[in-house]
Each structure stands twice: as C-alpha cells, then as structure tokens.
Amino acid sequence: MKLTIEATNICPLPCHDSDKNRLLRERGVMDTNTFKSIMERCKNLDIQEIKFGGSGEALLNPDITDFINHINLISSKIKSFLVTNGTLLSPKIAESFAKANLKNIEVILSPPHVPLTTTLRGSAKGRIYENITLVAKIFQNIKIVHALPQWSDEQRQIVSQFWRIRGISKVFFGSRLACGVVIKKHETPLGLRPPTCALFRGEHYITWNGKLISCCHDRSGETEIGDLDIESPASLIEKKKRITDRQFFYPICYECDDDRRYGSKGGIQKVVRQAINILTSS
Ligand code: SF4
C-alpha cells in the first residue's frame with residue numbers, strides 16, 4: 001500500500017493562487033500529533049511506501065525529519081521519499097534526511113529553466129541549482145524532474161548532461177509541477193479516457209489535517225472520502241474500493257490531464273486506450 005502525505009498544502013511558489021489552480025481547501029501544516037496518530041491507525045495496512053508531497057512544499061513543515069524518523073521506528077521496511085520544488089532544499093536538510101534514512105528525494109523544477117552556467121550566477125534559479133548540486137554530494141539518491149515538456153530531445157540531452165557533471169544521473173522531464181499542477185494537456189482527448197484512475201486506485205492521499213481525498217488535484221475538498229481521525233483506515237480503504245469498483249468518476253476527473261491516471265507507461269491501460277482510439281476513429 002502507498003500513502004501520500006501532505007505535510008502541508010502551503011507553498012512558497014504562486015501556483016495555488018492562480019485562477020485555474022486556486023487551492024480552496026483550508027491551508028495548514030500537519031502537526032506531529034496528527035502524523036503519529038495517522039501512522040498508528042494505519043500501521044496494520046501493510047504500508048510499503050510513504051511519499052511526502054502533494055499540494056504543498058513538504059520542506060515548509062518544520063517537523064518533516066521527525067516524521068521520517070518516526071516511520072523508521074514503526075518499520076524499517078517502509079520506504080519514505082519526498083517530493084520538493086527545490087526552493088528550500090539545503091545541504092543541512094539533506095544531511096538530516098540522510099541520517100533519517102530517507103530513501104529518495106525527487107526535485108521537480110518548475111519553468112523557466114536556465115541550465116547554463118553563465119546565466120545561473122546570481123539568479124534565484126541559479127541558487128536553487130547550486131543548492132541541489134551541494135545536496136547531491138550529501139544525499140546520493142536524488143532525482144531531478146524538469147517540468148517543461150516542450151523541450152526538444154537535443155535540449156533534454158544538454159540538460160541531462162548539465163546535471164550529470166554535477167553528480168546527478170536521474171534526470172527526467174515531466175508535465176507536472178511538484179504540487180501536481182499539470183502544465184501540459186494529455187494527448188488523449190476528453191471523452192476517450194478510461195473511467196477509472198490508477199492513481200486513485202493505488203495511492204491514498206492524506207491531507208495535512210488527516211482527511212483521505214482522491215489526489216493532489218482536489219483543490220476544494222470535493223472528493224473527501226473520510227476523516228482518519230473519526231473513521232477507521234480499513235473502512236475508508238474499503239469505501240475507496242467500492243468507488244473504484246463502481247467506476248464512479250468525480251467531476252474533477254473529467255478534465256484531469258495527469259498522466260499517472262493511466263498507470264505505468266506501456267502498461268495495459270495504454271493498450272486499452274489505443275484500442276479505444278482505433279475503435280472510436282473507425
Ligand atoms: S483522474 Fe485525476 S483528478 Fe481524478 S482521481 Fe485520478 S488523478 Fe485525481
């Protein structure tokens with residue numbers, strides 16, 4: 001089982017306040033009591049992975065390292081990883097993460113990107129890139145995702161090389177910002193999409209105040225499945241399963257361009273989608 005924990009839904013970047021992506025849910029930071037209570041109540045669910053990320057910047061939560069340490073106390077088998085926009089990443093934080101046995105840091109960098117040494121000096125983006133370079137010397141398992149899908153293959157190679165010489169070999173190009181905001185429309189037109197979502201089925205998104213919701217795209221709380229403080233995690237998971245089995249679709253899902261909804265690349269979902277496209281175009 002995979003949990004996504006919203007350590008906070010506050011972010012130093014302005015995406016939450018743009019008209020299209022305005023976050024209407026109450027904003028806040030998860031406190032240690034809420035986190036420990038969630039872990040206590042979920043400990044019998046066979047958790048394999050906990051991701052700190054979602055609608056806010058996890059590094060804004062001052063207790064984030066304590067959360068990771070607490071996971072280790074519960075079970076050394078649970079992998080914890082963290083998604084960040086990189087703005088608050090520092091060698092000091094990386095050191096504490098390495099000590100806490102965090103498995104992986106995924107830095108999703110938002111545009112505009114300037115991966116050329118001459119333009120980096122003195123710029124805000126340059127400082128982030130320099131910090132990431134220092135962090136990579138301390139924390140080995142770091143992955144960079146540039147949220148800028150329109151780059152050509154040649155540009156992507158230059159960018160990958162830029163990071164490689166700074167000690168980072170895992171470099172990807174995605175269509176989502178760290179908070180999940182999608183910046184590229186999916187190739188499959190609306191109306192031709194499979195009714196269920198792999199992300200909804202496979203991951204469980206817990207907000208900073210302990211609510212189970214569909215995913216990071218729920219900006220208003222309209223998909224709330226339940227409150228982990230009141231209902232048992234097992235009954236909420238069962239409720240989610242019933243929603244999936246009925247192929248129920250939330251209104252926000254109709255316009256969702258998140259590619260994770262189709263599951264892993266090249267998987268059965270892709271084949272199904274292609275088949276639907278062929279059938280509907282003939
Ligand atoms: S389709 Fe999109 S909005 Fe709906 S649950 Fe999946 S990821 Fe979230």
# chains A, B, ... in the order shown; residues from 1 in each chain; ligands from 1
$ select_by_dssp --residues "stretch 69-273 of chain A" --states "helix (DSSP H, G or I)" --output "PyMOL selection string"
chain A and resi 69-74+91-99+117-120+124-138+153-164+198-202+233-245+251-254+259-262+268-273
$ residues_near_ligand --ligand "ligand 1" --cutoff "8 Å" --atoms "only C-alpha atoms and all ligand atoms" --output "PyMOL selection string"
chain A and resi 196-200+214-218+249-261
$ residues_around --residues "stretch 74-90 of chain A" --least-positions-apart "3" --cutoff "6 Å" --atoms "only C-alpha atoms" --output "list in words"
Gln48, Glu49, Ile50, Lys51, Phe52, Gly53, Glu57, Ile71, Ile93, Leu102, Lys103, Asn104, Ile105, Glu106, Val107, Ile108, Leu109, Ile128, Asn131 and Ala178 of chain A
$ write_last_selection --atoms "C-alpha atoms" --output "compact mmCIF listing (two decimals), in the first residue's frame"
# COMPACT_ATOMS: atom_id res chain seq x y z
CA GLN A 48 5.21 -0.25 1.67
CA GLU A 49 5.79 3.34 0.72
CA ILE A 50 5.10 6.79 2.13
CA LYS A 51 5.55 9.82 -0.08
CA PHE A 52 5.70 13.32 1.38
CA GLY A 53 4.40 15.62 -1.29
CA GLU A 57 6.00 22.18 -0.26
CA ILE A 71 8.43 5.92 10.07
CA ILE A 93 18.37 19.48 5.39
CA LEU A 102 15.02 8.85 3.65
CA LYS A 103 15.15 6.69 0.51
CA ASN A 104 14.76 9.23 -2.23
CA ILE A 105 14.37 12.95 -2.92
CA GLU A 106 12.55 13.96 -6.09
CA VAL A 107 13.09 17.59 -7.06
CA ILE A 108 10.52 18.81 -9.55
CA LEU A 109 11.77 22.06 -11.03
CA ILE A 128 18.40 26.54 -6.35
CA ASN A 131 21.97 24.08 -3.70
CA ALA A 178 5.85 19.47 -7.61
$ select_by_dssp --residues "stretch 34-223 of chain A" --states "strand (DSSP E or B)" --output "PDB file with N, CA and C atoms, in the first residue's frame"
ATOM      1  N   GLU A  49       5.156   2.102   1.163  1.00  0.00           N
ATOM      2  CA  GLU A  49       5.791   3.339   0.716  1.00  0.00           C
ATOM      3  C   GLU A  49       5.014   4.551   1.235  1.00  0.00           C
ATOM      4  N   ILE A  50       5.752   5.536   1.721  1.00  0.00           N
ATOM      5  CA  ILE A  50       5.104   6.794   2.127  1.00  0.00           C
ATOM      6  C   ILE A  50       5.798   7.930   1.382  1.00  0.00           C
ATOM      7  N   LYS A  51       4.998   8.679   0.666  1.00  0.00           N
ATOM      8  CA  LYS A  51       5.554   9.820  -0.081  1.00  0.00           C
ATOM      9  C   LYS A  51       5.106  11.107   0.597  1.00  0.00           C
ATOM     10  N   PHE A  52       6.061  11.998   0.884  1.00  0.00           N
ATOM     11  CA  PHE A  52       5.696  13.320   1.375  1.00  0.00           C
ATOM     12  C   PHE A  52       5.673  14.254   0.176  1.00  0.00           C
ATOM     13  N   LYS A  79       9.414   2.344   2.829  1.00  0.00           N
ATOM     14  CA  LYS A  79      10.279   3.294   2.120  1.00  0.00           C
ATOM     15  C   LYS A  79       9.633   4.673   2.185  1.00  0.00           C
ATOM     16  N   SER A  80      10.414   5.670   2.589  1.00  0.00           N
ATOM     17  CA  SER A  80       9.841   7.017   2.593  1.00  0.00           C
ATOM     18  C   SER A  80      10.574   7.862   1.568  1.00  0.00           C
ATOM     19  N   PHE A  81       9.859   8.628   0.819  1.00  0.00           N
ATOM     20  CA  PHE A  81      10.518   9.581  -0.069  1.00  0.00           C
ATOM     21  C   PHE A  81       9.776  10.890  -0.126  1.00  0.00           C
ATOM     22  N   LEU A  82      10.453  11.885  -0.666  1.00  0.00           N
ATOM     23  CA  LEU A  82       9.942  13.242  -0.556  1.00  0.00           C
ATOM     24  C   LEU A  82      10.011  13.951  -1.904  1.00  0.00           C
ATOM     25  N   VAL A  83       8.943  14.654  -2.216  1.00  0.00           N
ATOM     26  CA  VAL A  83       8.902  15.442  -3.450  1.00  0.00           C
ATOM     27  C   VAL A  83       8.971  16.915  -3.055  1.00  0.00           C
ATOM     28  N   THR A  84       9.841  17.651  -3.725  1.00  0.00           N
ATOM     29  CA  THR A  84      10.023  19.067  -3.373  1.00  0.00           C
ATOM     30  C   THR A  84      10.182  19.899  -4.639  1.00  0.00           C
ATOM     31  N   ASN A 104      14.653   8.561  -0.935  1.00  0.00           N
ATOM     32  CA  ASN A 104      14.759   9.226  -2.231  1.00  0.00           C
ATOM     33  C   ASN A 104      14.229  10.655  -2.137  1.00  0.00           C
ATOM     34  N   ILE A 105      14.914  11.585  -2.795  1.00  0.00           N
ATOM     35  CA  ILE A 105      14.368  12.952  -2.919  1.00  0.00           C
ATOM     36  C   ILE A 105      14.093  13.190  -4.401  1.00  0.00           C
ATOM     37  N   GLU A 106      12.896  13.630  -4.698  1.00  0.00           N
ATOM     38  CA  GLU A 106      12.551  13.960  -6.087  1.00  0.00           C
ATOM     39  C   GLU A 106      12.354  15.476  -6.158  1.00  0.00           C
ATOM     40  N   VAL A 107      13.213  16.135  -6.934  1.00  0.00           N
ATOM     41  CA  VAL A 107      13.089  17.589  -7.063  1.00  0.00           C
ATOM     42  C   VAL A 107      12.407  17.892  -8.384  1.00  0.00           C
ATOM     43  N   ILE A 108      11.224  18.453  -8.313  1.00  0.00           N
ATOM     44  CA  ILE A 108      10.520  18.805  -9.552  1.00  0.00           C
ATOM     45  C   ILE A 108      10.688  20.313  -9.757  1.00  0.00           C
ATOM     46  N   LEU A 109      11.444  20.650 -10.781  1.00  0.00           N
ATOM     47  CA  LEU A 109      11.771  22.058 -11.030  1.00  0.00           C
ATOM     48  C   LEU A 109      10.768  22.672 -11.994  1.00  0.00           C
ATOM     49  N   ILE A 142      19.022  11.108  -5.459  1.00  0.00           N
ATOM     50  CA  ILE A 142      18.248  12.301  -5.795  1.00  0.00           C
ATOM     51  C   ILE A 142      17.869  12.258  -7.277  1.00  0.00           C
ATOM     52  N   LYS A 143      16.660  12.677  -7.528  1.00  0.00           N
ATOM     53  CA  LYS A 143      16.152  12.606  -8.902  1.00  0.00           C
ATOM     54  C   LYS A 143      15.652  14.003  -9.283  1.00  0.00           C
ATOM     55  N   ILE A 144      15.982  14.432 -10.490  1.00  0.00           N
ATOM     56  CA  ILE A 144      15.535  15.754 -10.961  1.00  0.00           C
ATOM     57  C   ILE A 144      14.465  15.543 -12.021  1.00  0.00           C
ATOM     58  N   VAL A 145      13.382  16.268 -11.893  1.00  0.00           N
ATOM     59  CA  VAL A 145      12.367  16.252 -12.951  1.00  0.00           C
ATOM     60  C   VAL A 145      12.150  17.699 -13.386  1.00  0.00           C
ATOM     61  N   HIS A 146      12.395  17.972 -14.651  1.00  0.00           N
ATOM     62  CA  HIS A 146      12.112  19.315 -15.170  1.00  0.00           C
ATOM     63  C   HIS A 146      10.685  19.326 -15.707  1.00  0.00           C
ATOM     64  N   ALA A 147       9.890  20.197 -15.133  1.00  0.00           N
ATOM     65  CA  ALA A 147       8.511  20.300 -15.617  1.00  0.00           C
ATOM     66  C   ALA A 147       8.482  21.266 -16.802  1.00  0.00           C
ATOM     67  N   LYS A 170      19.937  10.765 -12.515  1.00  0.00           N
ATOM     68  CA  LYS A 170      18.496  10.527 -12.733  1.00  0.00           C
ATOM     69  C   LYS A 170      17.836  11.850 -13.089  1.00  0.00           C
ATOM     70  N   VAL A 171      17.661  12.085 -14.387  1.00  0.00           N
ATOM     71  CA  VAL A 171      17.059  13.342 -14.844  1.00  0.00           C
ATOM     72  C   VAL A 171      15.884  13.008 -15.762  1.00  0.00           C
ATOM     73  N   PHE A 172      14.745  13.574 -15.444  1.00  0.00           N
ATOM     74  CA  PHE A 172      13.528  13.275 -16.206  1.00  0.00           C
ATOM     75  C   PHE A 172      12.840  14.570 -16.611  1.00  0.00           C
ATOM     76  N   PHE A 173      11.875  14.421 -17.514  1.00  0.00           N
ATOM     77  CA  PHE A 173      11.129  15.583 -17.990  1.00  0.00           C
ATOM     78  C   PHE A 173       9.647  15.255 -17.841  1.00  0.00           C
ATOM     79  N   GLY A 174       8.952  16.057 -17.076  1.00  0.00           N
ATOM     80  CA  GLY A 174       7.564  15.725 -16.788  1.00  0.00           C
ATOM     81  C   GLY A 174       6.621  16.843 -17.162  1.00  0.00           C
ATOM     82  N   ARG A 176       4.183  17.838 -14.882  1.00  0.00           N
ATOM     83  CA  ARG A 176       3.554  18.266 -13.635  1.00  0.00           C
ATOM     84  C   ARG A 176       4.522  19.066 -12.780  1.00  0.00           C
ATOM     85  N   VAL A 182      -0.808  20.285 -13.416  1.00  0.00           N
ATOM     86  CA  VAL A 182      -0.397  19.763 -14.720  1.00  0.00           C
ATOM     87  C   VAL A 182      -0.242  20.920 -15.698  1.00  0.00           C
ATOM     88  N   GLU A 203      -3.000   4.758  -4.812  1.00  0.00           N
ATOM     89  CA  GLU A 203      -2.399   5.598  -3.777  1.00  0.00           C
ATOM     90  C   GLU A 203      -3.466   6.202  -2.898  1.00  0.00           C
ATOM     91  N   HIS A 204      -3.077   6.530  -1.686  1.00  0.00           N
ATOM     92  CA  HIS A 204      -4.053   7.098  -0.754  1.00  0.00           C
ATOM     93  C   HIS A 204      -3.524   8.438  -0.275  1.00  0.00           C
ATOM     94  N   TYR A 205      -4.258   9.468  -0.615  1.00  0.00           N
ATOM     95  CA  TYR A 205      -3.775  10.834  -0.367  1.00  0.00           C
ATOM     96  C   TYR A 205      -4.372  11.370   0.933  1.00  0.00           C
ATOM     97  N   ILE A 206      -3.480  11.669   1.880  1.00  0.00           N
ATOM     98  CA  ILE A 206      -3.938  12.146   3.190  1.00  0.00           C
ATOM     99  C   ILE A 206      -3.546  13.615   3.345  1.00  0.00           C
ATOM    100  N   LYS A 211      -7.485  14.094   6.394  1.00  0.00           N
ATOM    101  CA  LYS A 211      -8.615  13.648   5.564  1.00  0.00           C
ATOM    102  C   LYS A 211      -8.084  12.804   4.398  1.00  0.00           C
ATOM    103  N   LEU A 212      -8.836  11.772   4.049  1.00  0.00           N
ATOM    104  CA  LEU A 212      -8.468  10.990   2.873  1.00  0.00           C
ATOM    105  C   LEU A 212      -9.241  11.559   1.686  1.00  0.00           C
ATOM    106  N   ILE A 213      -8.513  12.019   0.651  1.00  0.00           N
ATOM    107  CA  ILE A 213      -9.174  12.574  -0.541  1.00  0.00           C
ATOM    108  C   ILE A 213      -8.656  11.844  -1.784  1.00  0.00           C
TER     109      ILE A 213
END
$ residues_around --residues "A:Gln140" --least-positions-apart "3" --cutoff "9 Å" --atoms "only C-alpha atoms" --output "mmCIF file with C-alpha atoms, in the first residue's frame"
data_model
loop_
_atom_site.group_PDB
_atom_site.id
_atom_site.type_symbol
_atom_site.label_atom_id
_atom_site.label_comp_id
_atom_site.auth_asym_id
_atom_site.auth_seq_id
_atom_site.Cartn_x
_atom_site.Cartn_y
_atom_site.Cartn_z
ATOM 1 C CA ALA A 98 20.396 11.086 5.020
ATOM 2 C CA ASN A 104 14.759 9.226 -2.231
ATOM 3 C CA VAL A 135 22.781 18.412 -1.782
ATOM 4 C CA ALA A 136 23.738 15.725 -4.312
ATOM 5 C CA LYS A 137 27.166 15.451 -2.684
ATOM 6 C CA GLY A 167 26.745 14.148 -9.981
ATOM 7 C CA ILE A 168 23.050 13.563 -10.732
#
$ residues_around --residues "A:Ser55" --least-positions-apart "6" --cutoff "8 Å" --atoms "only C-alpha atoms" --output "number ranges by chain"
A: 6, 8-11, 178-180, 216-217
$ write_last_selection --atoms "N, CA and C atoms" --output "mmCIF file, in the first residue's frame"
data_model
loop_
_atom_site.group_PDB
_atom_site.id
_atom_site.type_symbol
_atom_site.label_atom_id
_atom_site.label_comp_id
_atom_site.auth_asym_id
_atom_site.auth_seq_id
_atom_site.Cartn_x
_atom_site.Cartn_y
_atom_site.Cartn_z
ATOM 1 N N GLU A 6 0.384 14.803 2.770
ATOM 2 C CA GLU A 6 0.515 16.241 2.526
ATOM 3 C C GLU A 6 1.030 16.864 3.831
ATOM 4 N N THR A 8 2.135 19.649 4.297
ATOM 5 C CA THR A 8 1.493 20.966 4.314
ATOM 6 C C THR A 8 0.883 21.186 2.934
ATOM 7 N N ASN A 9 -0.104 22.060 2.844
ATOM 8 C CA ASN A 9 -0.571 22.427 1.496
ATOM 9 C C ASN A 9 -0.230 23.892 1.204
ATOM 10 N N ILE A 10 0.726 24.400 1.960
ATOM 11 C CA ILE A 10 1.210 25.772 1.718
ATOM 12 C C ILE A 10 2.471 25.661 0.864
ATOM 13 N N CYS A 11 2.674 26.648 0.003
ATOM 14 C CA CYS A 11 3.837 26.583 -0.898
ATOM 15 C C CYS A 11 4.390 27.987 -1.126
ATOM 16 N N ALA A 178 5.712 20.279 -8.827
ATOM 17 C CA ALA A 178 5.854 19.467 -7.611
ATOM 18 C C ALA A 178 4.521 19.296 -6.878
ATOM 19 N N CYS A 179 3.655 20.292 -6.966
ATOM 20 C CA CYS A 179 2.369 20.216 -6.249
ATOM 21 C C CYS A 179 1.332 19.420 -7.037
ATOM 22 N N GLY A 180 1.689 18.947 -8.227
ATOM 23 C CA GLY A 180 0.751 18.146 -9.010
ATOM 24 C C GLY A 180 0.073 18.943 -10.115
ATOM 25 N N CYS A 216 -3.920 14.901 -5.280
ATOM 26 C CA CYS A 216 -3.487 16.295 -5.103
ATOM 27 C C CYS A 216 -4.298 17.273 -5.948
ATOM 28 N N HIS A 217 -5.074 16.768 -6.915
ATOM 29 C CA HIS A 217 -5.832 17.694 -7.778
ATOM 30 C C HIS A 217 -7.120 18.182 -7.144
#
$ atom_distance --atom1 "atom CA of A:Asn69" --atom2 "atom CA of A:Glu95"
13.2 Å
$ closest_residue --among "A:Lys2, A:Arg25, A:His70, A:Lys99" --to "A:Leu45" --atoms "only C-alpha atoms"
A:Lys2
$ closest_residue --among "A:Gly210, A:Pro91, A:Gly202, A:Pro233" --to "A:Thr32" --atoms "only C-alpha atoms"
A:Gly210
$ closest_residue --among "A:Ser175, A:Val181, A:Leu148, A:Gly56" --to "A:Ser18" --atoms "only C-alpha atoms"
A:Val181
$ atom_distance --atom1 "atom CA of A:Ser110" --atom2 "atom CA of A:Pro149"
10.8 Å
$ closest_residue --among "A:Lys185, A:Ala58, A:Arg219, A:Phe248" --to "A:Lys20" --atoms "only C-alpha atoms"
A:Arg219
$ atom_distance --atom1 "atom CA of A:Arg27" --atom2 "atom CA of A:Gly126"
29.4 Å
